[in-house]
>>> print(open('run_33.txt').read())   # compact mmCIF, C-alpha atoms and all ligand atoms
# COMPACT_ATOMS: atom_id res chain seq x y z
CA MET A 1 -27.26 4.15 -1.69
CA ILE A 2 -26.42 0.53 -2.49
CA LYS A 3 -28.31 -0.80 -5.49
CA PRO A 4 -30.29 -3.96 -4.56
CA GLU A 5 -28.89 -5.83 -7.59
CA LEU A 6 -25.37 -5.52 -6.13
CA ARG A 7 -26.50 -7.74 -3.26
CA GLU A 8 -28.29 -10.13 -5.59
CA ILE A 9 -25.30 -10.85 -7.83
CA PHE A 10 -23.49 -12.51 -4.94
CA SER A 11 -26.40 -14.55 -3.59
CA GLY A 12 -25.86 -18.19 -4.51
CA SER A 13 -22.32 -17.55 -5.79
CA LEU A 14 -19.81 -20.20 -4.90
CA PHE A 15 -16.87 -18.79 -3.05
CA GLU A 16 -15.22 -18.94 0.35
CA GLY A 17 -14.66 -15.73 2.22
CA GLU A 18 -16.67 -12.67 3.09
CA ILE A 19 -18.74 -10.12 1.19
CA LYS A 20 -19.88 -6.95 2.91
CA PHE A 21 -21.87 -4.04 1.56
CA MET A 22 -21.45 -0.33 2.35
CA GLU A 23 -18.27 -1.07 4.26
CA PRO A 24 -16.57 2.00 5.82
CA MET A 25 -13.08 2.31 4.36
CA SER A 26 -11.98 4.26 7.44
CA SER A 27 -11.79 0.80 9.08
CA HIS A 28 -9.38 -0.43 6.42
CA THR A 29 -6.93 2.46 6.04
CA SER A 30 -4.04 3.55 8.25
CA LEU A 31 -5.28 7.14 7.93
CA ARG A 32 -8.70 6.06 9.31
CA ILE A 33 -10.34 8.18 6.63
CA GLY A 34 -12.75 7.19 3.87
CA GLY A 35 -16.40 6.72 2.96
CA ASN A 36 -18.10 3.40 2.24
CA ALA A 37 -17.13 0.91 -0.43
CA ASP A 38 -20.25 -0.37 -2.21
CA ILE A 39 -18.86 -3.91 -1.92
CA TYR A 40 -16.01 -5.23 0.23
CA ALA A 41 -14.87 -8.71 -0.75
CA LEU A 42 -12.44 -10.88 1.16
CA PRO A 43 -11.81 -14.00 -0.94
CA ALA A 44 -10.35 -16.91 1.06
CA ASP A 45 -8.39 -18.43 -1.81
CA ILE A 46 -7.63 -18.21 -5.53
CA PRO A 47 -10.77 -20.03 -6.83
CA SER A 48 -12.90 -17.69 -4.69
CA LEU A 49 -11.05 -14.65 -6.04
CA ILE A 50 -11.68 -15.87 -9.59
CA GLY A 51 -15.38 -16.42 -8.78
CA ILE A 52 -15.70 -12.89 -7.43
CA LEU A 53 -13.88 -11.36 -10.42
CA ILE A 54 -16.12 -13.20 -12.89
CA ASN A 55 -19.21 -12.00 -11.03
CA LEU A 56 -17.96 -8.43 -11.07
CA LYS A 57 -16.98 -8.58 -14.75
CA ASN A 58 -20.32 -10.07 -15.82
CA ASN A 59 -22.10 -7.25 -14.04
CA GLY A 60 -19.79 -4.46 -15.22
CA ILE A 61 -18.70 -3.60 -11.67
CA PRO A 62 -15.28 -1.97 -11.25
CA PHE A 63 -12.93 -3.17 -8.52
CA PHE A 64 -9.90 -2.03 -6.59
CA ALA A 65 -7.28 -4.31 -4.97
CA LEU A 66 -6.59 -3.48 -1.33
CA GLY A 67 -3.51 -4.41 0.67
CA GLY A 68 -2.99 -2.91 4.12
CA GLY A 69 -4.54 0.44 3.17
CA THR A 70 -1.37 2.27 4.32
CA ASN A 71 -0.74 4.25 1.14
CA ILE A 72 -4.23 5.37 0.10
CA LEU A 73 -6.57 8.25 0.74
CA VAL A 74 -10.18 7.21 0.20
CA ARG A 75 -12.54 10.09 -0.57
CA ASP A 76 -15.47 10.87 1.75
CA ASN A 77 -18.01 9.73 -0.88
CA GLY A 78 -16.63 6.22 -0.79
CA ILE A 79 -15.71 3.81 -3.55
CA GLU A 80 -17.93 2.82 -6.44
CA GLY A 81 -17.93 -0.91 -7.04
CA ALA A 82 -15.87 -3.45 -5.15
CA VAL A 83 -12.83 -3.37 -2.95
CA ILE A 84 -11.09 -6.74 -2.98
CA SER A 85 -8.94 -7.38 0.07
CA LEU A 86 -6.05 -9.81 -0.40
CA LYS A 87 -5.63 -10.23 3.36
CA SER A 88 -6.23 -13.99 3.24
CA PHE A 89 -3.31 -14.59 0.86
CA LYS A 90 -0.84 -14.83 3.66
CA ASN A 91 1.28 -17.91 3.11
CA ILE A 92 5.07 -17.81 3.38
CA THR A 93 6.90 -20.84 1.90
CA LYS A 94 10.55 -21.62 1.32
CA ILE A 95 10.84 -22.59 -2.36
CA LYS A 96 14.51 -23.41 -2.73
CA GLU A 97 17.98 -23.13 -1.26
CA ASP A 98 21.08 -23.11 -3.42
CA GLY A 99 24.40 -22.54 -1.68
CA ASP A 100 23.95 -19.33 0.26
CA SER A 101 20.94 -18.22 -1.83
CA VAL A 102 17.35 -18.81 -0.84
CA ILE A 103 14.03 -18.13 -2.55
CA ILE A 104 10.93 -17.56 -0.45
CA TYR A 105 7.36 -17.27 -1.74
CA ALA A 106 5.12 -14.75 0.00
CA GLY A 107 1.40 -14.29 -0.68
CA SER A 108 0.33 -10.75 -1.51
CA GLY A 109 -1.53 -10.36 1.79
CA VAL A 110 1.54 -11.13 3.92
CA LEU A 111 2.41 -8.08 5.98
CA LEU A 112 5.81 -6.79 4.91
CA GLN A 113 6.78 -6.58 8.59
CA ARG A 114 5.82 -10.21 9.15
CA PHE A 115 8.03 -11.11 6.21
CA VAL A 116 10.95 -9.05 7.54
CA ASN A 117 10.54 -10.82 10.91
CA TYR A 118 10.39 -14.22 9.21
CA CYS A 119 13.72 -13.41 7.50
CA LYS A 120 15.21 -12.24 10.78
CA GLU A 121 14.16 -15.42 12.57
CA ASN A 122 15.47 -17.66 9.79
CA GLY A 123 18.69 -15.76 9.09
CA TYR A 124 17.87 -14.54 5.57
CA LYS A 125 19.44 -11.21 4.64
CA GLY A 126 18.76 -8.65 1.93
CA ILE A 127 15.49 -7.03 3.01
CA GLU A 128 16.44 -5.40 6.34
CA GLU A 129 16.13 -1.85 4.91
CA LEU A 130 12.38 -2.37 4.46
CA ALA A 131 11.83 -2.90 8.20
CA GLY A 132 9.21 -0.52 9.51
CA ILE A 133 7.28 -0.07 6.24
CA PRO A 134 3.67 -1.00 7.01
CA GLY A 135 1.29 -2.70 4.57
CA THR A 136 1.46 -5.91 2.58
CA ILE A 137 3.78 -7.58 0.08
CA GLY A 138 1.19 -6.87 -2.68
CA GLY A 139 0.97 -3.16 -1.85
CA ALA A 140 4.75 -2.91 -1.57
CA ILE A 141 5.20 -4.47 -5.03
CA TYR A 142 2.48 -2.33 -6.62
CA GLY A 143 4.12 0.87 -5.36
CA ASN A 144 7.72 -0.46 -5.37
CA ALA A 145 8.08 0.49 -1.71
CA GLY A 146 11.55 1.37 -0.58
CA SER A 147 13.68 2.74 2.19
CA PHE A 148 17.36 3.42 2.94
CA GLY A 149 18.25 2.94 -0.74
CA LEU A 150 16.57 -0.46 -1.17
CA GLU A 151 13.39 -0.95 -3.21
CA ILE A 152 11.34 -4.14 -3.09
CA LYS A 153 12.02 -4.70 -6.81
CA ASP A 154 15.69 -5.31 -5.87
CA VAL A 155 14.81 -8.55 -4.05
CA LEU A 156 12.04 -9.87 -6.33
CA TYR A 157 12.64 -13.07 -8.29
CA SER A 158 9.18 -13.48 -9.83
CA ILE A 159 5.70 -11.99 -9.39
CA ASP A 160 2.39 -13.80 -9.91
CA ILE A 161 -0.32 -11.52 -11.30
CA MET A 162 -3.95 -12.31 -12.03
CA ASN A 163 -5.69 -10.42 -14.82
CA GLU A 164 -9.35 -9.34 -14.84
CA ALA A 165 -10.34 -12.63 -16.50
CA GLY A 166 -8.85 -14.60 -13.58
CA LEU A 167 -5.74 -15.86 -15.43
CA ILE A 168 -2.49 -15.95 -13.46
CA LYS A 169 0.83 -15.24 -15.18
CA ARG A 170 4.32 -15.26 -13.69
CA PHE A 171 6.51 -12.22 -14.45
CA THR A 172 10.19 -11.49 -13.87
CA PRO A 173 10.85 -8.11 -12.24
CA ASP A 174 12.68 -6.95 -15.42
CA SER A 175 9.50 -7.36 -17.44
CA LEU A 176 7.56 -5.02 -15.15
CA ASN A 177 8.28 -1.35 -15.44
CA PHE A 178 9.43 -0.64 -11.89
CA GLY A 179 10.43 2.92 -11.10
CA TYR A 180 10.47 5.25 -8.11
CA ARG A 181 7.32 4.23 -6.18
CA THR A 182 5.75 2.74 -9.32
CA SER A 183 5.42 -0.59 -11.08
CA GLY A 184 4.12 -1.30 -14.53
CA ILE A 185 1.21 -3.19 -12.98
CA SER A 186 -2.06 -1.67 -14.14
CA SER A 187 -4.93 -1.27 -11.68
CA GLY A 188 -7.08 -4.03 -13.27
CA ASN A 189 -4.46 -6.62 -12.31
CA ILE A 190 -4.08 -8.30 -8.95
CA ILE A 191 -0.76 -9.36 -7.45
CA ILE A 192 -1.23 -12.83 -5.96
CA GLY A 193 2.24 -13.34 -4.52
CA ALA A 194 5.92 -13.20 -5.29
CA GLU A 195 9.16 -15.12 -4.98
CA ILE A 196 11.76 -13.14 -3.09
CA LYS A 197 15.47 -13.88 -3.42
CA LEU A 198 17.66 -13.48 -0.36
CA LYS A 199 21.00 -14.67 1.02
CA LYS A 200 21.69 -16.71 4.11
CA GLY A 201 23.25 -14.54 6.77
CA ASP A 202 24.10 -14.22 10.42
CA LYS A 203 20.92 -13.93 12.54
CA LYS A 204 22.53 -11.55 15.03
CA GLU A 205 23.84 -9.20 12.32
CA ILE A 206 20.47 -9.21 10.54
CA ALA A 207 18.63 -8.41 13.80
CA GLU A 208 21.06 -5.57 14.55
CA LYS A 209 20.67 -4.07 11.10
CA ILE A 210 16.87 -4.22 11.38
CA GLY A 211 17.07 -2.65 14.85
CA ASP A 212 19.23 0.21 13.52
CA PHE A 213 16.87 0.98 10.64
CA LEU A 214 13.82 0.87 12.92
CA LYS A 215 15.51 3.23 15.38
CA ILE A 216 16.10 5.82 12.66
CA LYS A 217 12.48 5.51 11.45
CA LYS A 218 11.11 5.96 14.97
CA GLU A 219 13.20 9.10 15.44
CA LYS A 220 12.35 10.68 12.09
CA GLN A 221 8.77 9.61 11.31
CA PRO A 222 5.53 9.96 13.29
CA ILE A 223 4.91 6.22 12.95
CA TRP A 224 2.59 6.03 15.96
CA GLU A 225 0.05 8.49 14.55
CA PRO A 226 -2.50 7.74 11.80
CA SER A 227 -0.99 8.66 8.43
CA ALA A 228 -0.48 7.20 4.96
CA GLY A 229 3.29 7.66 4.98
CA CYS A 230 4.82 10.21 2.62
CA VAL A 231 2.15 12.27 0.89
CA PHE A 232 4.40 13.49 -1.93
CA LYS A 233 7.24 11.87 -3.89
CA ASN A 234 10.75 13.22 -3.53
CA PRO A 235 11.68 15.27 -6.62
CA PRO A 236 14.97 14.04 -8.17
CA GLY A 237 17.86 14.80 -5.79
CA LEU A 238 15.62 16.56 -3.25
CA TYR A 239 13.47 15.66 -0.25
CA ALA A 240 9.79 16.60 -0.41
CA GLY A 241 9.68 16.77 3.41
CA ARG A 242 12.44 19.37 3.49
CA LEU A 243 10.80 21.46 0.73
CA ILE A 244 7.49 21.39 2.64
CA GLU A 245 9.23 22.36 5.87
CA GLU A 246 11.13 25.21 4.17
CA ALA A 247 7.86 26.47 2.70
CA GLY A 248 6.69 26.94 6.30
CA CYS A 249 4.07 24.20 6.29
CA LYS A 250 4.96 22.23 9.45
CA GLY A 251 1.96 22.23 11.80
CA LEU A 252 -0.44 23.60 9.13
CA ARG A 253 -3.91 22.24 9.76
CA VAL A 254 -7.20 21.91 7.88
CA GLY A 255 -9.99 20.43 9.97
CA ASP A 256 -8.42 17.47 11.76
CA VAL A 257 -5.58 16.93 9.28
CA GLU A 258 -2.19 18.32 10.24
CA VAL A 259 1.23 18.49 8.60
CA SER A 260 3.44 16.57 11.05
CA ASN A 261 5.86 18.62 13.11
CA LEU A 262 8.27 15.67 13.08
CA HIS A 263 8.31 14.95 9.32
CA ALA A 264 6.58 17.49 7.08
CA ASN A 265 5.78 14.95 4.34
CA PHE A 266 3.49 13.05 6.73
CA PHE A 267 -0.05 14.40 7.19
CA ILE A 268 -1.68 13.17 10.39
CA ASN A 269 -5.31 12.46 11.21
CA LYS A 270 -5.65 14.21 14.56
CA GLY A 271 -9.14 12.92 15.27
CA ARG A 272 -12.10 12.93 12.91
CA ALA A 273 -10.35 13.99 9.73
CA LYS A 274 -12.17 14.04 6.39
CA ALA A 275 -10.66 13.25 3.00
CA ASP A 276 -11.79 16.70 1.81
CA ASP A 277 -9.67 18.33 4.52
CA PHE A 278 -6.71 16.15 3.55
CA LEU A 279 -7.08 17.17 -0.10
CA LYS A 280 -7.37 20.86 0.84
CA LEU A 281 -4.21 20.61 2.92
CA MET A 282 -2.43 18.93 -0.01
CA GLU A 283 -3.46 21.86 -2.25
CA ILE A 284 -2.18 24.46 0.24
CA VAL A 285 1.14 22.64 0.63
CA LEU A 286 1.49 22.23 -3.14
CA TYR A 287 0.81 25.94 -3.64
CA ARG A 288 3.28 27.05 -0.95
CA VAL A 289 6.09 24.79 -2.19
CA LYS A 290 5.46 25.89 -5.79
CA ARG A 291 5.50 29.58 -4.77
CA LYS A 292 8.75 29.18 -2.80
CA THR A 293 10.69 26.85 -5.11
CA GLY A 294 8.87 26.61 -8.44
CA ILE A 295 8.65 22.83 -7.90
CA ILE A 296 5.32 21.04 -8.36
CA LEU A 297 5.26 18.06 -6.00
CA GLU A 298 3.71 14.82 -7.22
CA PRO A 299 1.49 12.78 -4.88
CA GLU A 300 2.90 9.48 -3.61
CA ILE A 301 -0.33 8.39 -1.94
CA LYS A 302 -3.07 7.00 -4.16
CA ILE A 303 -6.29 9.00 -4.03
CA ILE A 304 -9.28 6.73 -4.54
CA GLY A 305 -13.04 7.03 -4.67
CA ARG A 306 -15.93 9.06 -5.95
CA ASP A 307 -15.62 12.80 -6.48
CA GLU A 308 -19.37 13.10 -6.07
CA ILE A 309 -22.29 10.78 -5.34
CA ALA A 310 -24.32 10.20 -8.50
CA GLU A 311 -27.98 11.22 -8.38
CA GLY A 312 -30.72 8.58 -8.46
C1 LIG B 401 3.98 5.23 9.02
C2 LIG B 401 4.18 4.89 7.56
C3 LIG B 401 5.48 4.78 7.07
C4 LIG B 401 5.69 4.46 5.72
N1 LIG B 401 6.97 4.36 5.27
C5 LIG B 401 7.20 4.05 3.97
C6 LIG B 401 8.53 3.90 3.47
O1 LIG B 401 9.52 4.05 4.19
N2 LIG B 401 8.68 3.57 2.16
C7 LIG B 401 7.62 3.37 1.33
O2 LIG B 401 7.83 3.05 0.14
N3 LIG B 401 6.36 3.51 1.78
C8 LIG B 401 6.12 3.83 3.06
N4 LIG B 401 4.84 3.96 3.51
C9 LIG B 401 3.70 3.83 2.58
C10 LIG B 401 3.09 2.40 2.53
O3 LIG B 401 3.27 1.74 3.74
C11 LIG B 401 3.72 1.57 1.44
O4 LIG B 401 3.54 2.21 0.19
C12 LIG B 401 3.13 0.15 1.38
O5 LIG B 401 3.95 -0.64 0.56
C13 LIG B 401 1.69 0.11 0.88
O6 LIG B 401 1.22 -1.23 1.04
P1 LIG B 401 -0.32 -1.55 1.36
O7 LIG B 401 -0.46 -3.02 1.39
O8 LIG B 401 -0.78 -0.82 2.55
O9 LIG B 401 -1.01 -0.96 0.04
P2 LIG B 401 -2.43 -0.23 -0.04
O10 LIG B 401 -2.32 1.10 0.62
O11 LIG B 401 -3.51 -1.13 0.37
O12 LIG B 401 -2.53 0.00 -1.63
C14 LIG B 401 -1.61 0.85 -2.28
C15 LIG B 401 -1.76 0.61 -3.79
O13 LIG B 401 -1.34 -0.73 -4.08
C16 LIG B 401 -2.37 -1.43 -4.76
N5 LIG B 401 -2.36 -2.82 -4.29
C17 LIG B 401 -2.31 -3.26 -3.01
N6 LIG B 401 -2.30 -4.61 -2.97
C18 LIG B 401 -2.38 -5.03 -4.26
C19 LIG B 401 -2.42 -6.30 -4.90
N7 LIG B 401 -2.37 -7.44 -4.21
N8 LIG B 401 -2.52 -6.34 -6.25
C20 LIG B 401 -2.56 -5.18 -6.98
N9 LIG B 401 -2.53 -3.96 -6.44
C21 LIG B 401 -2.43 -3.88 -5.11
C22 LIG B 401 -3.67 -0.73 -4.37
O14 LIG B 401 -4.67 -0.94 -5.36
C23 LIG B 401 -3.20 0.73 -4.27
O15 LIG B 401 -3.19 1.33 -5.55
C24 LIG B 401 4.59 4.27 4.86
C25 LIG B 401 3.29 4.37 5.37
C26 LIG B 401 3.08 4.67 6.71
C27 LIG B 401 1.66 4.75 7.21
>>> encode(input="run_33.txt", output="C-alpha cells")
Amino acid sequence: MIKPELREIFSGSLFEGEIKFMEPMSSHTSLRIGGNADIYALPADIPSLIGILINLKNNGIPFFALGGGTNILVRDNGIEGAVISLKSFKNITKIKEDGDSVIIYAGSGVLLQRFVNYCKENGYKGIEELAGIPGTIGGAIYGNAGSFGLEIKDVLYSIDIMNEAGLIKRFTPDSLNFGYRTSGISSGNIIIGAEIKLKKGDKKEIAEKIGDFLKIKKEKQPIWEPSAGCVFKNPPGLYAGRLIEEAGCKGLRVGDVEVSNLHANFFINKGRAKADDFLKLMEIVLYRVKRKTGIILEPEIKIIGRDEIAEG
C-alpha cells in the first residue's frame, strides 16, 4: 500500500514532467511483467530530474533509473521507492565534424534504434551492428549492449553521468569499467547522455549492412514476442543459448513463461506471465545446464523489485 507521505513529498514541488503512484511496471517492460512501482517519475528536463532526486534523497526514498525496460525482470511485488524514466531525454545533436569523423550527442532516453536510423539517414557509420537491439542509449551504456562483435563502449566518446546529489560529470569510456554486458556505473548514478564517435560513410552501404544484421536477428531471435532478450550471459567461448538447448530446455514452460523454441536463451511471456514463474523457469534451466555441463550460467537480465511486501 502506498504511504500517504509519498504523495505529499511531491505536492508543491517545482518540476516539469509527470509523477504517478502505484504504476504497473508491466506497462513499462518489454516482458510485460512486473508489479507496481511506488512512484513513477518522468522528469521533463535536467532541472526537474535534480528536483526529483533532491526530494527523494531528503526523504530517504531509493530510486531506480529506467530506460526502455527491455533488459529487466520486475518482481510481482513491485518496486519499493521510485522509478525514474529518462524517456524525455531524447535529443540528438551533431557536436562536431572533423574530416571524416563526426561526434553526435544522444540523450539517454533516445531509442537505440532511432539513433541507428539517424546514422543511416545521415550516412554515419560505425554502429550498424547494434541495429535491432531495443531499448535506449542509457540502458545500452549501462549494460554495454552489443551484437555481432561490437559493443556500445567501442563508439563512445564521452558519457555524462549525474550522481545522487544531482551533479553531472563527464567521463571518458576508458575511465568507466566496461566489460561484457557491464559498465562501472553504479546503480545510484544516472546516465544523462553521451557523445558517440562515428565516421562518415556511404548511405547505401550503411543501409545494406543494417539490413543484413536485422535479417540475421529476425531469423535467429523471437523478436516479435515479449521477452527481455538473452536471459543468461554467454560463458567465455560458449553460447548460453546452445547450452540451454543441449540441456533439453527448449519449449520448457512454467505458467505462461516459455523457453523459446527459436532461441533457447530467450524466455517468452506467452500471455499472463508472472515474475515468479520466470524466476522458477530460470532456476530449472540453471539446474539442468549445471547438471549436464557443470557450468553455472550468470543472469544477463537485471532482476528488480521486492522479494516480499513488508507488513504494516
Ligand atoms: C528482442 C530483444 C533483443 C535483444 N537483443 C540484444 C542484443 O543483441 N544485445 C544486447 O546487448 N542486448 C539485447 N537485448 C537486451 C536489451 O535490449 C539491452 O540490454 C538494452 O540495451 C537495454 O536498454 P533499456 O533502455 O531497455 O534498459 P532497461 O531495461 O530499462 O534497464 C537496464 C539496466 O540499465 C539501467 N539504466 C537504464 N537507463 C539508465 C540510465 N539512463 N542511467 C543509469 N542506468 C540506466 C537500469 O537501471 C537497468 O539496470 C535485447 C532485448 C530484447 C527484448
>>> atom_distance(input="run_33.txt", atom1="CA of Glu208 (chain A)", atom2="CA of Gly139 (chain A)")
26.0 Å
>>> residues_near_ligand(input="run_33.txt", ligand="ligand LIG 401 (chain B)", cutoff="6 Å", atoms="all atoms listed in the file", output="PDB file with C-alpha atoms, keeping the file's coordinate frame")
ATOM      1  CA  SER A  30      -4.040   3.550   8.250  1.00  0.00           C
ATOM      2  CA  PHE A  64      -9.900  -2.030  -6.590  1.00  0.00           C
ATOM      3  CA  ALA A  65      -7.280  -4.310  -4.970  1.00  0.00           C
ATOM      4  CA  LEU A  66      -6.590  -3.480  -1.330  1.00  0.00           C
ATOM      5  CA  GLY A  67      -3.510  -4.410   0.670  1.00  0.00           C
ATOM      6  CA  GLY A  68      -2.990  -2.910   4.120  1.00  0.00           C
ATOM      7  CA  GLY A  69      -4.540   0.440   3.170  1.00  0.00           C
ATOM      8  CA  THR A  70      -1.370   2.270   4.320  1.00  0.00           C
ATOM      9  CA  ASN A  71      -0.740   4.250   1.140  1.00  0.00           C
ATOM     10  CA  ILE A  72      -4.230   5.370   0.100  1.00  0.00           C
ATOM     11  CA  LEU A  86      -6.050  -9.810  -0.400  1.00  0.00           C
ATOM     12  CA  SER A 108       0.330 -10.750  -1.510  1.00  0.00           C
ATOM     13  CA  ILE A 133       7.280  -0.070   6.240  1.00  0.00           C
ATOM     14  CA  PRO A 134       3.670  -1.000   7.010  1.00  0.00           C
ATOM     15  CA  GLY A 135       1.290  -2.700   4.570  1.00  0.00           C
ATOM     16  CA  THR A 136       1.460  -5.910   2.580  1.00  0.00           C
ATOM     17  CA  GLY A 138       1.190  -6.870  -2.680  1.00  0.00           C
ATOM     18  CA  GLY A 139       0.970  -3.160  -1.850  1.00  0.00           C
ATOM     19  CA  ALA A 140       4.750  -2.910  -1.570  1.00  0.00           C
ATOM     20  CA  TYR A 142       2.480  -2.330  -6.620  1.00  0.00           C
ATOM     21  CA  GLY A 143       4.120   0.870  -5.360  1.00  0.00           C
ATOM     22  CA  ALA A 145       8.080   0.490  -1.710  1.00  0.00           C
ATOM     23  CA  GLY A 146      11.550   1.370  -0.580  1.00  0.00           C
ATOM     24  CA  SER A 147      13.680   2.740   2.190  1.00  0.00           C
ATOM     25  CA  ASN A 189      -4.460  -6.620 -12.310  1.00  0.00           C
ATOM     26  CA  ILE A 190      -4.080  -8.300  -8.950  1.00  0.00           C
ATOM     27  CA  ILE A 191      -0.760  -9.360  -7.450  1.00  0.00           C
ATOM     28  CA  ILE A 192      -1.230 -12.830  -5.960  1.00  0.00           C
ATOM     29  CA  ILE A 223       4.910   6.220  12.950  1.00  0.00           C
ATOM     30  CA  SER A 227      -0.990   8.660   8.430  1.00  0.00           C
ATOM     31  CA  ALA A 228      -0.480   7.200   4.960  1.00  0.00           C
ATOM     32  CA  GLY A 229       3.290   7.660   4.980  1.00  0.00           C
ATOM     33  CA  LYS A 302      -3.070   7.000  -4.160  1.00  0.00           C
TER      34      LYS A 302
END
>>> atom_distance(input="run_33.txt", atom1="CA of Ile210 (chain A)", atom2="CA of Thr93 (chain A)")
21.6 Å
>>> atom_distance(input="run_33.txt", atom1="CA of Val259 (chain A)", atom2="CA of Leu281 (chain A)")
8.1 Å
>>> closest_residue(input="run_33.txt", among="A:Gly255, A:Gly248, A:Gly211, A:Gly271", to="Pro226 (chain A)", atoms="only C-alpha atoms")
A:Gly271
>>> closest_residue(input="run_33.txt", among="A:Leu198, A:Leu130, A:Leu297, A:Leu252", to="Asp98 (chain A)", atoms="all atoms listed in the file")
A:Leu198
>>> build_atoms(input="run_33.txt", residues="region 130-145 of chain A", atoms="N, CA, C and O atoms", output="short mmCIF file (atom, residue, chain, number, x, y, z; two decimals), keeping the file's coordinate frame")
data_model
loop_
_atom_site.label_atom_id
_atom_site.label_comp_id
_atom_site.auth_asym_id
_atom_site.auth_seq_id
_atom_site.Cartn_x
_atom_site.Cartn_y
_atom_site.Cartn_z
N LEU A 130 13.83 -2.60 4.56
CA LEU A 130 12.38 -2.37 4.46
C LEU A 130 11.68 -2.54 5.81
O LEU A 130 10.45 -2.43 5.88
N ALA A 131 12.44 -2.78 6.86
CA ALA A 131 11.83 -2.90 8.20
C ALA A 131 11.13 -1.59 8.54
O ALA A 131 11.65 -0.51 8.28
N GLY A 132 9.94 -1.71 9.08
CA GLY A 132 9.21 -0.52 9.51
C GLY A 132 8.24 0.02 8.46
O GLY A 132 7.47 0.93 8.75
N ILE A 133 8.27 -0.52 7.23
CA ILE A 133 7.28 -0.07 6.24
C ILE A 133 6.01 -0.88 6.46
O ILE A 133 6.03 -2.11 6.36
N PRO A 134 4.89 -0.23 6.79
CA PRO A 134 3.67 -1.00 7.01
C PRO A 134 3.06 -1.48 5.68
O PRO A 134 3.56 -1.15 4.61
N GLY A 135 1.98 -2.23 5.78
CA GLY A 135 1.29 -2.70 4.57
C GLY A 135 1.73 -4.10 4.20
O GLY A 135 2.44 -4.79 4.94
N THR A 136 1.30 -4.52 3.02
CA THR A 136 1.46 -5.91 2.58
C THR A 136 2.52 -6.04 1.47
O THR A 136 2.94 -5.04 0.88
N ILE A 137 2.87 -7.28 1.20
CA ILE A 137 3.78 -7.58 0.08
C ILE A 137 3.16 -7.07 -1.23
O ILE A 137 3.83 -6.44 -2.04
N GLY A 138 1.85 -7.30 -1.43
CA GLY A 138 1.19 -6.87 -2.68
C GLY A 138 1.25 -5.36 -2.85
O GLY A 138 1.59 -4.86 -3.93
N GLY A 139 0.94 -4.62 -1.79
CA GLY A 139 0.97 -3.16 -1.85
C GLY A 139 2.39 -2.66 -2.07
O GLY A 139 2.62 -1.70 -2.82
N ALA A 140 3.35 -3.33 -1.43
CA ALA A 140 4.75 -2.91 -1.57
C ALA A 140 5.21 -3.12 -3.02
O ALA A 140 5.92 -2.28 -3.57
N ILE A 141 4.78 -4.22 -3.64
CA ILE A 141 5.20 -4.47 -5.03
C ILE A 141 4.51 -3.47 -5.96
O ILE A 141 5.14 -2.87 -6.82
N TYR A 142 3.21 -3.25 -5.74
CA TYR A 142 2.48 -2.33 -6.62
C TYR A 142 3.14 -0.95 -6.63
O TYR A 142 3.27 -0.31 -7.67
N GLY A 143 3.54 -0.48 -5.45
CA GLY A 143 4.12 0.87 -5.36
C GLY A 143 5.64 0.86 -5.28
O GLY A 143 6.24 1.90 -5.02
N ASN A 144 6.26 -0.32 -5.49
CA ASN A 144 7.72 -0.46 -5.37
C ASN A 144 8.24 0.28 -4.13
O ASN A 144 9.07 1.19 -4.22
N ALA A 145 7.72 -0.16 -2.98
CA ALA A 145 8.08 0.49 -1.71
C ALA A 145 9.58 0.40 -1.48
O ALA A 145 10.23 -0.57 -1.91
#
